[in-house]
Amino acid sequence: MGRTAHPREDMLFIVAGTLYVDPARRDAYLASCTDVIRAARSAPGCVDFAVSADLVEPGRINVYERWESDQQLLDFRGAGPDGEQAATILGAEVHKFRISGVEVP
């Protein structure tokens, strides 16, 4: 199996992790993310952007983003979640990864 660079460029930035919210408010939180997801997916440099409910933990939300450059990620991110969304988040463990190559199985 050889290494194949991502077709868009040599380096990608991945943001991945989990957010924790009150299980009773998870569906509402996810619904409030719809416009952000649409905006991200149409933003320059966004390769993928997903926010989804975890199938096992009722208060867990999985976050996955892929960007062509650090600057494009920062340009989109701006100030982060709005006040109401931020207040809903009880905990978070999200990290940014720099990926220099992609292996295709």
# chains A, B, ... in the order shown; residues from 1 in each chain; ligands from 1

$ residues_around --residues "Leu30 of chain A" --least-positions-apart "2" --cutoff "9 Å" --atoms "only C-alpha atoms" --output "ChimeraX atom specification"
/A:25-28,32-34,51-53,61

$ closest_atom_pairs --of "segment 7-29 of chain A" --to "segment 62-69 of chain A" --cutoff "7 Å" --atoms "only C-alpha atoms" --output "CSV"
residue,atom,partner,partner_atom,distance
A:Met11,CA,A:Glu68,CA,6.9
A:Leu12,CA,A:Glu68,CA,5.0
A:Phe13,CA,A:Trp67,CA,5.0
A:Ile14,CA,A:Arg66,CA,4.5
A:Val15,CA,A:Glu65,CA,4.9
A:Ala16,CA,A:Tyr64,CA,4.5
A:Gly17,CA,A:Val63,CA,5.3
A:Thr18,CA,A:Asn62,CA,4.7
A:Leu19,CA,A:Asn62,CA,6.5

$ write_last_selection --atoms "N, CA, C and O atoms" --output "mmCIF file, in the first residue's frame"
data_model
loop_
_atom_site.group_PDB
_atom_site.id
_atom_site.type_symbol
_atom_site.label_atom_id
_atom_site.label_comp_id
_atom_site.auth_asym_id
_atom_site.auth_seq_id
_atom_site.Cartn_x
_atom_site.Cartn_y
_atom_site.Cartn_z
ATOM 1 N N MET A 11 -0.768 19.156 2.784
ATOM 2 C CA MET A 11 -1.058 19.200 4.209
ATOM 3 C C MET A 11 -2.532 19.492 4.426
ATOM 4 O O MET A 11 -3.113 20.326 3.747
ATOM 5 N N LEU A 12 -3.118 18.778 5.369
ATOM 6 C CA LEU A 12 -4.495 19.037 5.788
ATOM 7 C C LEU A 12 -4.512 19.286 7.274
ATOM 8 O O LEU A 12 -3.624 18.842 8.003
ATOM 9 N N PHE A 13 -5.541 19.973 7.725
ATOM 10 C CA PHE A 13 -5.744 20.206 9.138
ATOM 11 C C PHE A 13 -7.053 19.539 9.524
ATOM 12 O O PHE A 13 -8.073 19.776 8.893
ATOM 13 N N ILE A 14 -6.998 18.699 10.526
ATOM 14 C CA ILE A 14 -8.187 18.012 10.999
ATOM 15 C C ILE A 14 -8.472 18.467 12.419
ATOM 16 O O ILE A 14 -7.573 18.507 13.258
ATOM 17 N N VAL A 15 -9.710 18.834 12.663
ATOM 18 C CA VAL A 15 -10.190 19.147 14.007
ATOM 19 C C VAL A 15 -11.148 18.017 14.354
ATOM 20 O O VAL A 15 -12.095 17.757 13.618
ATOM 21 N N ALA A 16 -10.866 17.321 15.452
ATOM 22 C CA ALA A 16 -11.708 16.183 15.817
ATOM 23 C C ALA A 16 -11.791 16.087 17.332
ATOM 24 O O ALA A 16 -10.851 16.423 18.038
ATOM 25 N N GLY A 17 -12.938 15.623 17.790
ATOM 26 C CA GLY A 17 -13.088 15.433 19.228
ATOM 27 C C GLY A 17 -14.535 15.267 19.615
ATOM 28 O O GLY A 17 -15.389 14.909 18.797
ATOM 29 N N THR A 18 -14.794 15.552 20.881
ATOM 30 C CA THR A 18 -16.133 15.365 21.428
ATOM 31 C C THR A 18 -16.560 16.582 22.235
ATOM 32 O O THR A 18 -15.748 17.248 22.869
ATOM 33 N N LEU A 19 -17.856 16.838 22.179
ATOM 34 C CA LEU A 19 -18.498 17.829 23.031
ATOM 35 C C LEU A 19 -19.473 17.069 23.910
ATOM 36 O O LEU A 19 -20.015 16.038 23.496
#

$ select_by_dssp --residues "chain A" --states "strand (DSSP E)" --output "ChimeraX atom specification"
/A:3-4,12-21,46-53,60-67,89-99,102-103

$ residues_around --residues "Arg41 of chain A" --least-positions-apart "4" --cutoff "10 Å" --atoms "only C-alpha atoms" --output "list of chain:residue names"
A:Asp35, A:Val36, A:Ile37, A:Gly45, A:Cys46, A:Val47, A:Asp48, A:Phe49, A:Ala50, A:Glu65, A:Arg66, A:Trp67

$ decode --residues "segment 12-96 of chain A" --atoms "C-alpha atoms" --output "PDB file, in the first residue's frame"
ATOM      1  CA  LEU A  12      -4.495  19.037   5.788  1.00  0.00           C
ATOM      2  CA  PHE A  13      -5.744  20.206   9.138  1.00  0.00           C
ATOM      3  CA  ILE A  14      -8.187  18.012  10.999  1.00  0.00           C
ATOM      4  CA  VAL A  15     -10.190  19.147  14.007  1.00  0.00           C
ATOM      5  CA  ALA A  16     -11.708  16.183  15.817  1.00  0.00           C
ATOM      6  CA  GLY A  17     -13.088  15.433  19.228  1.00  0.00           C
ATOM      7  CA  THR A  18     -16.133  15.365  21.428  1.00  0.00           C
ATOM      8  CA  LEU A  19     -18.498  17.829  23.031  1.00  0.00           C
ATOM      9  CA  TYR A  20     -20.665  16.944  26.011  1.00  0.00           C
ATOM     10  CA  VAL A  21     -24.117  18.400  26.576  1.00  0.00           C
ATOM     11  CA  ASP A  22     -27.131  17.525  28.710  1.00  0.00           C
ATOM     12  CA  PRO A  23     -28.616  14.445  26.990  1.00  0.00           C
ATOM     13  CA  ALA A  24     -32.060  16.074  27.084  1.00  0.00           C
ATOM     14  CA  ARG A  25     -30.698  19.050  25.090  1.00  0.00           C
ATOM     15  CA  ARG A  26     -28.506  17.191  22.581  1.00  0.00           C
ATOM     16  CA  ASP A  27     -31.046  17.131  19.744  1.00  0.00           C
ATOM     17  CA  ALA A  28     -31.724  20.842  20.128  1.00  0.00           C
ATOM     18  CA  TYR A  29     -27.988  21.584  20.183  1.00  0.00           C
ATOM     19  CA  LEU A  30     -27.440  19.567  17.006  1.00  0.00           C
ATOM     20  CA  ALA A  31     -30.350  21.302  15.283  1.00  0.00           C
ATOM     21  CA  SER A  32     -28.791  24.662  16.195  1.00  0.00           C
ATOM     22  CA  CYS A  33     -25.616  23.603  14.337  1.00  0.00           C
ATOM     23  CA  THR A  34     -27.288  23.197  10.934  1.00  0.00           C
ATOM     24  CA  ASP A  35     -26.516  26.707   9.657  1.00  0.00           C
ATOM     25  CA  VAL A  36     -22.922  26.516  10.919  1.00  0.00           C
ATOM     26  CA  ILE A  37     -22.403  23.187   9.146  1.00  0.00           C
ATOM     27  CA  ARG A  38     -23.785  24.579   5.878  1.00  0.00           C
ATOM     28  CA  ALA A  39     -21.627  27.699   6.196  1.00  0.00           C
ATOM     29  CA  ALA A  40     -18.507  25.673   6.956  1.00  0.00           C
ATOM     30  CA  ARG A  41     -19.013  23.301   4.050  1.00  0.00           C
ATOM     31  CA  SER A  42     -19.254  26.246   1.660  1.00  0.00           C
ATOM     32  CA  ALA A  43     -16.332  28.140   3.217  1.00  0.00           C
ATOM     33  CA  PRO A  44     -13.058  28.417   1.310  1.00  0.00           C
ATOM     34  CA  GLY A  45     -10.727  25.603   2.328  1.00  0.00           C
ATOM     35  CA  CYS A  46     -13.300  23.384   4.024  1.00  0.00           C
ATOM     36  CA  VAL A  47     -12.959  19.786   2.826  1.00  0.00           C
ATOM     37  CA  ASP A  48     -15.439  18.311   5.329  1.00  0.00           C
ATOM     38  CA  PHE A  49     -17.376  19.418   8.410  1.00  0.00           C
ATOM     39  CA  ALA A  50     -19.589  17.166  10.535  1.00  0.00           C
ATOM     40  CA  VAL A  51     -21.227  17.388  13.939  1.00  0.00           C
ATOM     41  CA  SER A  52     -23.169  14.289  14.987  1.00  0.00           C
ATOM     42  CA  ALA A  53     -24.793  12.478  17.878  1.00  0.00           C
ATOM     43  CA  ASP A  54     -22.815   9.619  19.385  1.00  0.00           C
ATOM     44  CA  LEU A  55     -24.735   6.352  19.096  1.00  0.00           C
ATOM     45  CA  VAL A  56     -23.669   5.059  22.530  1.00  0.00           C
ATOM     46  CA  GLU A  57     -23.359   8.044  24.899  1.00  0.00           C
ATOM     47  CA  PRO A  58     -26.554  10.149  25.049  1.00  0.00           C
ATOM     48  CA  GLY A  59     -24.813  13.436  25.958  1.00  0.00           C
ATOM     49  CA  ARG A  60     -21.878  13.104  23.569  1.00  0.00           C
ATOM     50  CA  ILE A  61     -21.502  14.891  20.229  1.00  0.00           C
ATOM     51  CA  ASN A  62     -18.741  13.966  17.789  1.00  0.00           C
ATOM     52  CA  VAL A  63     -16.988  16.741  15.873  1.00  0.00           C
ATOM     53  CA  TYR A  64     -14.963  16.268  12.693  1.00  0.00           C
ATOM     54  CA  GLU A  65     -13.566  18.975  10.421  1.00  0.00           C
ATOM     55  CA  ARG A  66     -11.024  18.863   7.590  1.00  0.00           C
ATOM     56  CA  TRP A  67      -9.431  22.044   6.245  1.00  0.00           C
ATOM     57  CA  GLU A  68      -6.900  22.816   3.525  1.00  0.00           C
ATOM     58  CA  SER A  69      -5.033  25.414   5.584  1.00  0.00           C
ATOM     59  CA  ASP A  70      -4.709  26.658   9.106  1.00  0.00           C
ATOM     60  CA  GLN A  71      -5.553  30.198   7.991  1.00  0.00           C
ATOM     61  CA  GLN A  72      -8.788  29.115   6.283  1.00  0.00           C
ATOM     62  CA  LEU A  73      -9.802  27.319   9.463  1.00  0.00           C
ATOM     63  CA  LEU A  74      -9.060  30.424  11.539  1.00  0.00           C
ATOM     64  CA  ASP A  75     -10.888  32.691   9.082  1.00  0.00           C
ATOM     65  CA  PHE A  76     -14.014  30.560   9.350  1.00  0.00           C
ATOM     66  CA  ARG A  77     -13.802  29.956  13.079  1.00  0.00           C
ATOM     67  CA  GLY A  78     -13.947  33.622  14.042  1.00  0.00           C
ATOM     68  CA  ALA A  79     -15.192  33.949  17.610  1.00  0.00           C
ATOM     69  CA  GLY A  80     -16.420  30.352  17.941  1.00  0.00           C
ATOM     70  CA  PRO A  81     -19.871  29.205  19.023  1.00  0.00           C
ATOM     71  CA  ASP A  82     -22.502  31.793  19.911  1.00  0.00           C
ATOM     72  CA  GLY A  83     -23.351  32.406  23.565  1.00  0.00           C
ATOM     73  CA  GLU A  84     -26.338  30.061  23.655  1.00  0.00           C
ATOM     74  CA  GLN A  85     -24.403  27.196  22.083  1.00  0.00           C
ATOM     75  CA  ALA A  86     -21.404  27.758  24.347  1.00  0.00           C
ATOM     76  CA  ALA A  87     -23.653  27.726  27.430  1.00  0.00           C
ATOM     77  CA  THR A  88     -25.049  24.335  26.373  1.00  0.00           C
ATOM     78  CA  ILE A  89     -21.602  22.691  26.224  1.00  0.00           C
ATOM     79  CA  LEU A  90     -20.769  21.019  29.538  1.00  0.00           C
ATOM     80  CA  GLY A  91     -17.377  19.748  28.464  1.00  0.00           C
ATOM     81  CA  ALA A  92     -15.210  19.379  25.401  1.00  0.00           C
ATOM     82  CA  GLU A  93     -12.159  17.515  24.216  1.00  0.00           C
ATOM     83  CA  VAL A  94     -11.314  18.741  20.729  1.00  0.00           C
ATOM     84  CA  HIS A  95      -7.874  18.770  19.107  1.00  0.00           C
ATOM     85  CA  LYS A  96      -6.346  20.063  15.876  1.00  0.00           C
TER      86      LYS A  96
END
